[in-house]
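Participant: This one is final.txt, compact mmCIF, C-alpha atoms.
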# COMPACT_ATOMS: atom_id res chain seq x y z
CA MET A 1 19.39 34.26 -25.77
CA LYS A 2 16.52 31.76 -25.51
CA MET A 3 16.84 29.26 -22.69
CA ALA A 4 16.18 25.59 -23.45
CA SER A 5 13.09 24.16 -21.73
CA ASN A 6 13.24 21.01 -19.63
CA ARG A 7 9.48 20.55 -19.88
CA VAL A 8 8.49 17.16 -21.24
CA GLU A 9 5.61 17.19 -23.72
CA GLN A 10 2.81 14.95 -22.54
CA THR A 11 0.10 12.96 -24.28
CA VAL A 12 -3.22 13.57 -22.56
CA PHE A 13 -5.71 10.78 -21.92
CA THR A 14 -8.88 11.87 -23.73
CA GLU A 15 -12.50 10.76 -23.63
CA ASP A 16 -12.29 8.95 -26.98
CA MET A 17 -9.38 6.83 -25.67
CA LYS A 18 -11.55 5.42 -22.91
CA LYS A 19 -13.36 2.88 -25.09
CA ASP A 20 -10.36 1.03 -26.56
CA TYR A 21 -7.31 1.80 -24.38
CA THR A 22 -5.85 -0.60 -21.81
CA ILE A 23 -4.80 1.21 -18.62
CA LEU A 24 -1.90 -0.46 -16.81
CA VAL A 25 -1.70 -0.24 -13.00
CA PRO A 26 1.51 -0.91 -10.99
CA ASP A 27 1.44 -3.67 -8.40
CA MET A 28 1.40 -2.42 -4.81
CA LEU A 29 -1.52 -4.02 -2.96
CA PRO A 30 -2.71 -6.99 -5.05
CA ILE A 31 -5.76 -7.73 -2.87
CA HIS A 32 -6.96 -4.13 -2.72
CA PHE A 33 -6.06 -3.19 -6.28
CA LYS A 34 -8.04 -6.05 -7.79
CA LEU A 35 -11.15 -4.64 -6.13
CA ILE A 36 -10.29 -1.09 -7.20
CA ILE A 37 -9.70 -2.13 -10.81
CA GLU A 38 -13.15 -3.74 -10.94
CA ILE A 39 -14.71 -0.48 -9.75
CA PHE A 40 -13.15 1.44 -12.63
CA ARG A 41 -14.07 -1.26 -15.14
CA GLU A 42 -17.70 -0.71 -14.19
CA TYR A 43 -17.33 2.87 -15.44
CA GLY A 44 -15.74 1.93 -18.75
CA TYR A 45 -12.03 1.95 -17.90
CA ASN A 46 -10.27 -1.22 -19.06
CA MET A 47 -7.59 -1.67 -16.40
CA GLU A 48 -4.99 -4.38 -15.90
CA LEU A 49 -2.83 -4.97 -12.81
CA LEU A 50 0.84 -5.59 -13.58
CA GLU A 51 2.16 -8.51 -11.53
CA THR A 52 5.58 -9.00 -13.14
CA SER A 53 8.45 -9.41 -10.68
CA THR A 54 11.38 -10.45 -12.85
CA ARG A 55 14.86 -8.93 -12.91
CA SER A 56 13.96 -7.18 -16.18
CA VAL A 57 11.72 -4.80 -14.18
CA ILE A 58 14.71 -3.63 -12.11
CA ASP A 59 16.92 -3.41 -15.21
CA GLU A 60 14.38 -1.21 -17.00
CA GLY A 61 14.15 0.98 -13.93
CA LEU A 62 17.94 1.40 -13.86
CA LYS A 63 17.94 2.32 -17.56
CA ASN A 64 15.21 4.93 -17.26
CA VAL A 65 15.62 6.45 -13.78
CA HIS A 66 18.68 8.11 -12.27
CA ASN A 67 20.32 5.69 -9.86
CA ASP A 68 20.07 8.21 -7.01
CA THR A 69 16.28 8.09 -7.25
CA CYS A 70 14.40 6.08 -4.64
CA TYR A 71 13.88 2.35 -5.17
CA PRO A 72 10.05 2.52 -5.31
CA ALA A 73 10.24 5.03 -8.20
CA LEU A 74 12.71 2.79 -10.00
CA LEU A 75 10.44 -0.24 -9.63
CA VAL A 76 7.18 1.45 -10.62
CA ILE A 77 8.70 3.05 -13.71
CA GLY A 78 10.67 -0.11 -14.49
CA GLN A 79 7.50 -2.21 -14.33
CA PHE A 80 5.71 0.16 -16.71
CA MET A 81 8.59 0.24 -19.20
CA ASP A 82 9.03 -3.53 -19.03
CA ALA A 83 5.33 -3.99 -19.81
CA LEU A 84 5.42 -1.60 -22.77
CA LYS A 85 8.45 -3.41 -24.23
CA SER A 86 7.03 -6.90 -23.63
CA GLY A 87 5.03 -6.99 -26.85
CA LYS A 88 1.91 -7.90 -24.88
CA TYR A 89 0.30 -4.50 -25.31
CA ASP A 90 -0.43 -2.23 -28.27
CA VAL A 91 1.57 0.82 -27.21
CA ASN A 92 -0.68 3.01 -29.35
CA LYS A 93 -3.68 1.87 -27.31
CA THR A 94 -2.13 1.78 -23.82
CA ALA A 95 -2.20 4.28 -20.95
CA LEU A 96 -0.52 4.21 -17.52
CA LEU A 97 -2.14 5.01 -14.17
CA ILE A 98 -0.08 6.24 -11.24
CA SER A 99 -1.24 7.46 -7.82
CA GLN A 100 -0.10 10.67 -6.13
CA THR A 101 -0.80 11.67 -2.54
CA GLY A 102 0.84 15.07 -2.67
CA GLY A 103 3.74 14.33 -0.33
CA GLY A 104 7.26 15.67 -0.48
CA CYS A 105 8.95 12.76 -2.27
CA ARG A 106 7.64 9.63 -4.01
CA ALA A 107 4.07 10.79 -3.88
CA SER A 108 4.59 13.82 -6.12
CA ASN A 109 7.61 13.21 -8.34
CA TYR A 110 6.89 9.83 -9.95
CA LEU A 111 4.59 11.32 -12.55
CA HIS A 112 7.24 13.61 -14.00
CA LEU A 113 9.96 10.95 -13.85
CA LEU A 114 7.67 8.54 -15.68
CA ARG A 115 6.80 11.04 -18.42
CA LYS A 116 10.46 11.81 -18.92
CA SER A 117 11.21 8.09 -19.28
CA LEU A 118 8.41 7.67 -21.82
CA SER A 119 9.41 10.67 -23.93
CA ALA A 120 12.31 8.86 -25.60
CA GLU A 121 10.55 5.65 -26.66
CA PHE A 122 6.81 5.88 -26.02
CA PRO A 123 5.78 9.56 -26.24
CA GLN A 124 2.33 8.49 -27.45
CA VAL A 125 1.51 6.72 -24.17
CA PRO A 126 -0.59 8.94 -21.86
CA VAL A 127 -0.08 8.93 -18.08
CA ILE A 128 -3.06 9.38 -15.77
CA SER A 129 -2.61 10.81 -12.30
CA LEU A 130 -4.89 9.36 -9.61
CA ASN A 131 -4.91 11.95 -6.84
CA PHE A 132 -7.30 13.68 -4.47
CA SER A 133 -5.13 16.72 -3.78
CA GLY A 134 -5.54 18.63 -7.05
CA LEU A 135 -1.98 17.96 -8.25
CA GLU A 136 -3.17 17.32 -11.78
CA LYS A 137 -6.57 17.16 -13.44
CA ASN A 138 -7.59 14.50 -15.94
CA PRO A 139 -10.80 15.58 -17.73
CA ALA A 140 -11.35 12.09 -19.20
CA PHE A 141 -10.56 10.27 -15.96
CA LYS A 142 -13.00 11.52 -13.39
CA ILE A 143 -13.24 10.47 -9.76
CA THR A 144 -16.91 11.12 -9.15
CA PRO A 145 -18.31 11.13 -5.59
CA VAL A 146 -19.80 7.68 -6.26
CA ILE A 147 -16.45 6.26 -7.42
CA ALA A 148 -14.67 7.88 -4.45
CA LEU A 149 -17.18 6.28 -2.07
CA LYS A 150 -16.68 2.86 -3.64
CA LEU A 151 -12.89 3.27 -3.39
CA VAL A 152 -13.22 3.89 0.37
CA TYR A 153 -15.24 0.71 0.79
CA ALA A 154 -12.75 -1.21 -1.38
CA VAL A 155 -9.96 -0.11 0.97
CA MET A 156 -11.91 -1.27 4.04
CA TYR A 157 -12.88 -4.62 2.53
CA GLY A 158 -9.36 -5.05 1.15
CA ASP A 159 -7.87 -4.44 4.60
CA MET A 160 -10.09 -7.10 6.14
CA LEU A 161 -9.31 -9.64 3.42
CA MET A 162 -5.57 -9.01 3.74
CA SER A 163 -5.68 -9.28 7.54
CA LEU A 164 -7.70 -12.53 7.54
CA TYR A 165 -5.62 -14.02 4.73
CA TYR A 166 -2.39 -13.68 6.72
CA GLN A 167 -4.06 -14.90 9.90
CA CYS A 168 -5.20 -18.07 8.10
CA LYS A 169 -2.64 -18.86 5.39
CA PRO A 170 0.22 -19.93 7.74
CA TYR A 171 -2.09 -22.32 9.58
CA GLU A 172 -4.13 -23.91 6.76
CA ILE A 173 -4.25 -27.71 6.80
CA HIS A 174 -5.40 -28.10 3.20
CA LYS A 175 -2.99 -26.23 0.93
CA GLY A 176 -4.68 -23.53 -1.14
CA SER A 177 -7.85 -23.35 0.95
CA THR A 178 -7.12 -19.77 2.11
CA ASP A 179 -6.41 -18.63 -1.45
CA ARG A 180 -9.74 -20.08 -2.60
CA VAL A 181 -11.69 -18.21 0.08
CA LEU A 182 -9.81 -15.00 -0.77
CA SER A 183 -10.51 -15.34 -4.51
CA ASN A 184 -14.14 -16.13 -3.83
CA TRP A 185 -14.59 -13.00 -1.75
CA GLN A 186 -12.75 -10.81 -4.24
CA ARG A 187 -15.29 -11.93 -6.85
CA LYS A 188 -18.25 -11.45 -4.47
CA LEU A 189 -17.14 -7.99 -3.40
CA SER A 190 -16.58 -6.93 -7.01
CA VAL A 191 -20.21 -7.86 -7.74
CA LEU A 192 -21.49 -6.10 -4.60
CA LEU A 193 -19.56 -2.94 -5.49
CA ARG A 194 -20.86 -3.05 -9.06
CA LYS A 195 -24.49 -3.54 -7.97
CA ASN A 196 -24.29 -0.93 -5.18
CA ARG A 197 -24.97 -3.56 -2.52
CA PHE A 198 -21.83 -2.87 -0.50
CA PHE A 199 -23.26 -0.61 2.23
CA ASN A 200 -24.30 -3.29 4.73
CA THR A 201 -20.76 -3.63 6.04
CA LYS A 202 -21.72 -5.33 9.29
CA LYS A 203 -23.40 -8.23 7.47
CA ILE A 204 -20.67 -8.49 4.82
CA TYR A 205 -17.90 -8.41 7.44
CA LYS A 206 -19.61 -11.20 9.37
CA ASN A 207 -19.98 -13.34 6.23
CA ILE A 208 -16.31 -12.81 5.37
CA LEU A 209 -15.26 -13.70 8.94
CA ASP A 210 -17.43 -16.83 8.91
CA ASP A 211 -15.93 -18.08 5.63
CA PHE A 212 -12.35 -17.56 6.78
CA SER A 213 -13.09 -19.15 10.16
CA ASP A 214 -14.36 -22.25 8.32
CA ILE A 215 -10.86 -22.84 6.92
CA LYS A 216 -9.39 -25.88 8.68
CA ARG A 217 -6.27 -24.70 10.48
CA THR A 218 -3.60 -26.16 12.70
CA LYS A 219 -3.45 -25.07 16.33
CA LYS A 220 0.35 -24.95 16.25
CA LYS A 221 1.62 -21.56 17.40
CA LYS A 222 3.52 -19.51 14.81
CA THR A 223 5.94 -16.63 15.30
CA LYS A 224 4.20 -13.34 14.51
CA VAL A 225 6.23 -10.88 12.45
CA GLY A 226 5.04 -7.31 11.92
CA ILE A 227 5.92 -5.45 8.71
CA VAL A 228 6.26 -1.66 8.70
CA GLY A 229 8.13 0.89 6.59
CA GLU A 230 7.73 2.86 3.38
CA ILE A 231 4.25 2.24 1.99
CA TYR A 232 5.19 0.79 -1.41
CA VAL A 233 7.92 -1.57 -0.20
CA LYS A 234 5.83 -2.57 2.83
CA TYR A 235 3.01 -3.86 0.63
CA SER A 236 4.37 -4.65 -2.83
CA PRO A 237 5.55 -8.25 -3.42
CA LEU A 238 7.71 -6.93 -6.27
CA ALA A 239 9.47 -4.44 -3.99
CA ASN A 240 9.97 -6.65 -0.91
CA ASN A 241 10.83 -9.86 -2.76
CA HIS A 242 7.58 -11.55 -1.72
CA LEU A 243 8.35 -10.99 1.95
CA CYS A 244 5.05 -12.33 3.30
CA ASP A 245 5.35 -15.55 1.27
CA PHE A 246 8.88 -16.04 2.62
CA LEU A 247 7.75 -15.52 6.21
CA ILE A 248 4.96 -18.07 5.79
CA GLU A 249 7.45 -20.57 4.35
CA GLU A 250 9.61 -19.97 7.45
CA GLY A 251 6.73 -20.86 9.74
CA CYS A 252 5.70 -17.32 10.64
CA GLU A 253 2.48 -15.30 10.62
CA PRO A 254 2.90 -11.93 8.85
CA ASN A 255 1.15 -8.99 10.49
CA VAL A 256 0.72 -6.17 7.97
CA PRO A 257 -1.07 -2.94 9.03
CA GLY A 258 -3.95 -1.96 6.74
CA LEU A 259 -4.04 0.69 4.03
CA LEU A 260 -6.78 2.61 5.86
CA ASP A 261 -4.19 3.57 8.49
CA PHE A 262 -2.17 5.38 5.82
CA VAL A 263 -5.28 7.14 4.47
CA LEU A 264 -6.17 8.29 7.99
CA TYR A 265 -2.53 9.31 8.52
CA CYS A 266 -2.68 11.61 5.47
CA ALA A 267 -5.94 13.15 6.70
CA ALA A 268 -4.62 13.53 10.26
CA ASN A 269 -1.52 15.36 9.00
CA THR A 270 -3.68 18.02 7.36
CA LEU A 271 -5.54 18.49 10.64
CA ASN A 272 -2.25 18.60 12.55
CA ASP A 273 -1.00 21.37 10.24
CA GLU A 274 -3.98 23.49 11.28
CA LYS A 275 -2.89 23.24 14.93
CA LEU A 276 0.86 23.52 14.36
CA TYR A 277 0.88 26.36 11.81
CA ASP A 278 -2.53 27.97 12.39
CA VAL A 279 -3.54 27.22 8.81
CA LYS A 280 -7.23 26.68 8.21
CA THR A 281 -8.82 26.33 4.76
CA LYS A 282 -11.92 24.78 3.19
CA THR A 283 -9.77 21.74 2.48
CA THR A 284 -9.01 21.40 6.19
CA ALA A 285 -12.71 21.29 6.99
CA LEU A 286 -13.30 18.62 4.33
CA PHE A 287 -10.41 16.53 5.66
CA LYS A 288 -11.90 16.80 9.17
CA ILE A 289 -15.22 15.40 7.92
CA GLY A 290 -13.41 12.70 5.93
CA TYR A 291 -11.28 11.72 8.91
CA ASP A 292 -14.28 11.41 11.22
CA VAL A 293 -16.20 9.27 8.71
CA LEU A 294 -13.26 6.95 7.96
CA TYR A 295 -12.40 6.56 11.63
CA LYS A 296 -16.02 5.65 12.36
CA PHE A 297 -15.83 3.01 9.61
CA GLN A 298 -12.64 1.59 11.12
CA LYS A 299 -14.16 1.42 14.61
CA GLN A 300 -17.13 -0.51 13.22
CA GLN A 301 -14.81 -3.05 11.57
CA ILE A 302 -12.85 -3.47 14.81
CA LYS A 303 -16.09 -3.94 16.77
CA VAL A 304 -17.42 -6.62 14.38
CA MET A 305 -14.13 -8.52 14.48
CA LYS A 306 -14.00 -8.38 18.29
CA GLU A 307 -17.58 -9.63 18.52
CA HIS A 308 -16.78 -12.49 16.16
CA GLY A 309 -13.89 -13.33 18.43
CA GLU A 310 -11.75 -15.55 16.21
CA PHE A 311 -9.41 -13.07 14.54
CA GLU A 312 -7.26 -10.17 15.71
CA PRO A 313 -8.71 -6.80 14.58
CA PRO A 314 -6.60 -3.90 13.29
CA HIS A 315 -5.26 -1.26 15.66
CA ASP A 316 -7.56 1.63 16.44
CA PHE A 317 -6.06 4.65 14.64
CA GLU A 318 -6.56 7.01 17.58
CA HIS A 319 -4.59 4.52 19.66
CA LEU A 320 -1.85 4.68 17.02
CA ARG A 321 -1.77 8.46 17.41
CA HIS A 322 -1.48 7.99 21.15
CA TYR A 323 1.54 5.70 20.64
CA ALA A 324 3.09 8.28 18.33
CA ASP A 325 2.67 11.02 20.95
CA LYS A 326 4.61 8.94 23.48
CA TYR A 327 7.73 8.81 21.30
CA ILE A 328 7.62 11.37 18.48
CA ASN A 329 5.78 14.55 17.46
CA GLN A 330 2.97 14.20 14.92
CA GLY A 331 4.51 17.11 13.05
CA VAL A 332 7.08 14.61 11.73
CA LYS A 333 5.02 13.77 8.67
CA MET A 334 7.38 13.54 5.69
CA GLY A 335 7.04 10.15 4.00
CA GLU A 336 5.51 7.72 6.49
CA GLY A 337 6.82 9.89 9.34
CA TRP A 338 5.34 9.28 12.77
CA LEU A 339 3.16 6.43 11.49
CA ILE A 340 6.16 4.05 11.36
CA THR A 341 6.97 4.75 15.01
CA ALA A 342 3.32 4.35 16.03
CA GLU A 343 2.98 1.05 14.15
CA MET A 344 6.15 -0.38 15.72
CA ALA A 345 4.98 0.59 19.21
CA ALA A 346 1.45 -0.76 18.64
CA LEU A 347 2.79 -4.08 17.31
CA ALA A 348 5.18 -4.49 20.24
CA GLU A 349 2.46 -3.55 22.73
CA SER A 350 -0.05 -6.04 21.29
CA GLY A 351 2.32 -9.01 21.32
CA THR A 352 3.98 -8.87 17.88
CA LYS A 353 7.53 -8.43 19.19
CA ASN A 354 9.30 -9.29 15.92
CA ILE A 355 9.19 -6.40 13.47
CA ILE A 356 10.70 -5.96 10.02
CA CYS A 357 11.11 -2.39 8.85
CA THR A 358 11.31 -2.30 5.06
CA GLN A 359 13.83 0.35 4.02
CA PRO A 360 13.99 1.28 0.31
CA PHE A 361 17.08 2.97 -1.07
CA GLY A 362 16.70 6.72 -1.40
CA CYS A 363 13.77 7.07 1.02
CA LEU A 364 15.46 9.53 3.37
CA PRO A 365 12.50 10.27 5.70
CA ASN A 366 11.89 6.55 6.12
CA HIS A 367 15.49 5.83 7.03
CA ILE A 368 15.74 8.72 9.48
CA VAL A 369 12.47 8.06 11.32
CA ALA A 370 12.49 4.25 11.25
CA LYS A 371 16.14 3.72 12.14
CA GLY A 372 16.20 6.68 14.48
CA MET A 373 13.16 5.55 16.45
CA SER A 374 13.76 1.79 16.52
CA ARG A 375 16.17 2.19 19.45
CA VAL A 376 13.56 4.24 21.32
CA ILE A 377 10.97 1.48 20.78
CA LYS A 378 13.48 -1.18 21.89
CA ASN A 379 14.16 0.78 25.06
CA ALA A 380 10.43 0.97 25.77
CA TYR A 381 9.90 -2.72 24.87
CA PRO A 382 13.14 -4.57 25.76
CA ASP A 383 11.91 -7.83 24.19
CA ALA A 384 11.10 -6.15 20.85
CA ASN A 385 13.09 -7.73 18.02
CA ILE A 386 13.35 -5.06 15.28
CA VAL A 387 15.40 -5.42 12.12
CA ALA A 388 15.72 -2.98 9.20
CA ILE A 389 15.96 -4.67 5.80
CA ASP A 390 17.34 -2.59 2.92
CA TYR A 391 15.76 -2.94 -0.52
CA ASP A 392 17.64 -1.58 -3.51
CA PRO A 393 18.73 -2.68 -7.03
CA GLY A 394 21.98 -4.19 -5.73
CA ALA A 395 20.60 -5.98 -2.67
CA THR A 396 20.31 -9.72 -3.19
CA LYS A 397 17.30 -11.67 -2.04
CA VAL A 398 19.62 -14.18 -0.32
CA ASN A 399 21.19 -11.49 1.88
CA GLN A 400 17.80 -10.07 2.79
CA GLU A 401 16.42 -13.49 3.68
CA ASN A 402 19.52 -14.39 5.69
CA ARG A 403 19.09 -11.25 7.81
CA ILE A 404 15.45 -12.17 8.38
CA LYS A 405 16.42 -15.74 9.31
CA LEU A 406 18.87 -14.34 11.85
CA MET A 407 16.09 -12.22 13.35
CA LEU A 408 13.82 -15.27 13.52
CA ALA A 409 16.59 -17.30 15.19
CA ASN A 410 16.83 -14.57 17.84
CA ALA A 411 13.05 -14.70 18.22
CA LYS A 412 13.12 -18.44 18.90
CA MET A 413 15.92 -18.03 21.43
Would you put the structure from the file into structure tokens?
Facilitator:
Amino acid sequence: MKMASNRVEQTVFTEDMKKDYTILVPDMLPIHFKLIIEIFREYGYNMELLETSTRSVIDEGLKNVHNDTCYPALLVIGQFMDALKSGKYDVNKTALLISQTGGGCRASNYLHLLRKSLSAEFPQVPVISLNFSGLEKNPAFKITPVIALKLVYAVMYGDMLMSLYYQCKPYEIHKGSTDRVLSNWQRKLSVLLRKNRFFNTKKIYKNILDDFSDIKRTKKKKTKVGIVGEIYVKYSPLANNHLCDFLIEEGCEPNVPGLLDFVLYCAANTLNDEKLYDVKTKTTALFKIGYDVLYKFQKQQIKVMKEHGEFEPPHDFEHLRHYADKYINQGVKMGEGWLITAEMAALAESGTKNIICTQPFGCLPNHIVAKGMSRVIKNAYPDANIVAIDYDPGATKVNQENRIKLMLANAKM
């Protein structure tokens, strides 16, 4: 008897599709992704960032993904399906791009869930996997060494823009001035990346810092609120109901750790595996080189920001690892693992006592580590004000915001 196959047939993105296909990208880090999209456009890929955040996105996710699946998967797939059904795109000339880091949950399973969702209504739409771990190869979508290098710089510049934006936006005197500086630098950096004039980071960092420091700001002190948690919900305005905008409206300064920390976290975990399990491969050696280079880049950014003296630099990643070692083993690496604990401790230590931990439904590692370790961090920092906010299809924005308001009321007391 022949067994039925559960394998979903897939449409492959081919070289001839490159010239006239629109590639849709889900919204996670708007500042960073706009730079990244421009890099790929330079090499002939017509990409568009999806910025829809209506209820229809959640509804499409519920229709196409099992309701026991994690909330980030539901949103990403829902946003794709909503876009394909919107009538805005020619579904016969549209492809979807999704990233994979090779982790044990979200990072590896979205691709297959998405293809299964497409098979019923849009089997002709190809899905491209953006990954650096060999999970899937895309012959017509190549990450060359030059593109990979530009992506690294886009992450670093994106981190600085995001950090300065949230350090200026709550204090701006002239409404919209911070957004104008941000947009201006997104355009400038896109040109620099395209013309291969992005290497002089020290000079570019200084110019960015000078432009943001020129923004006229009030001296009134604002309550700093750190945001940690699962990577997608931590960053995506769609997933966290525009959390940073809400905090600014409430008179707070959001403090969001940079994406480079997560990249370094992934590299560090590979190096940790070598020590914990005595596993050494060629990949391990490459990750060691990559980690050292990226960490050097981060230290340079921190140094330039400290020398400038007007803005708070990001946390040194080796210091984050030190904080992790105080409270949890670095072998706890599923999902965001030990990084959540390290970020909470670093925020509390550096004066950001109010911390929101974004908790998406279905993200088991996130719930276990974040909720399990928040009490440990509170014991170490008695004045830390940590609240876990759940994000799922049934959670209302009002309830989430009320819980945050209660946390802020405690902060003021």
Participant: Quick one: distance from CA of Asn410 in chain A to CA of Val387 in chain A in Å, one decimal?
Facilitator: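 Distance between the two atoms: 10.9 Å.
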Participant: Can you pull out every residue within 10 Å of Ser190 in chain A, counting all atoms listed in the file, but drop anything in the same chain fewer than 5 positions away, and send it as a PyMOL selection string?
Facilitator: chain A and resi 34-39+42+154+185+195-196+198
Participant: With range 72-88 of chain A as the partner and 9 Å as the cut-off, tabulate the residues of range 301-374 of chain A that qualify, each row holding the nearest pair of atoms and their distance in Å to one decimal, using all atoms listed in the file, sorted by chain and rising number, as CSV.
Facilitator:
residue,atom,partner,partner_atom,distance
A:Pro360,CA,A:Pro72,CA,7.0
A:Phe361,CA,A:Pro72,CA,8.2
A:Gly362,CA,A:Pro72,CA,8.8
A:Cys363,CA,A:Pro72,CA,8.6
Participant: With only C-alpha atoms as the counted atoms, please give the residues lying no more than 12 Å from Gln167 in chain A, apart from itself and same-chain residues fewer than 5 positions off, as a VMD selection string.
Facilitator: chain A and resid 160 to 162 172 178 209 212 to 213 215 217 to 218 221 to 225 244 248 252 to 256 310 to 314
Participant: Ranking A:Lys288, A:Asn329, A:Asn379, A:Glu343 by minimum distance to Ile227 in chain A and counting all atoms listed in the file, which one comes first?
Facilitator: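 Under the stated criterion, the closest residue is A:Glu343.
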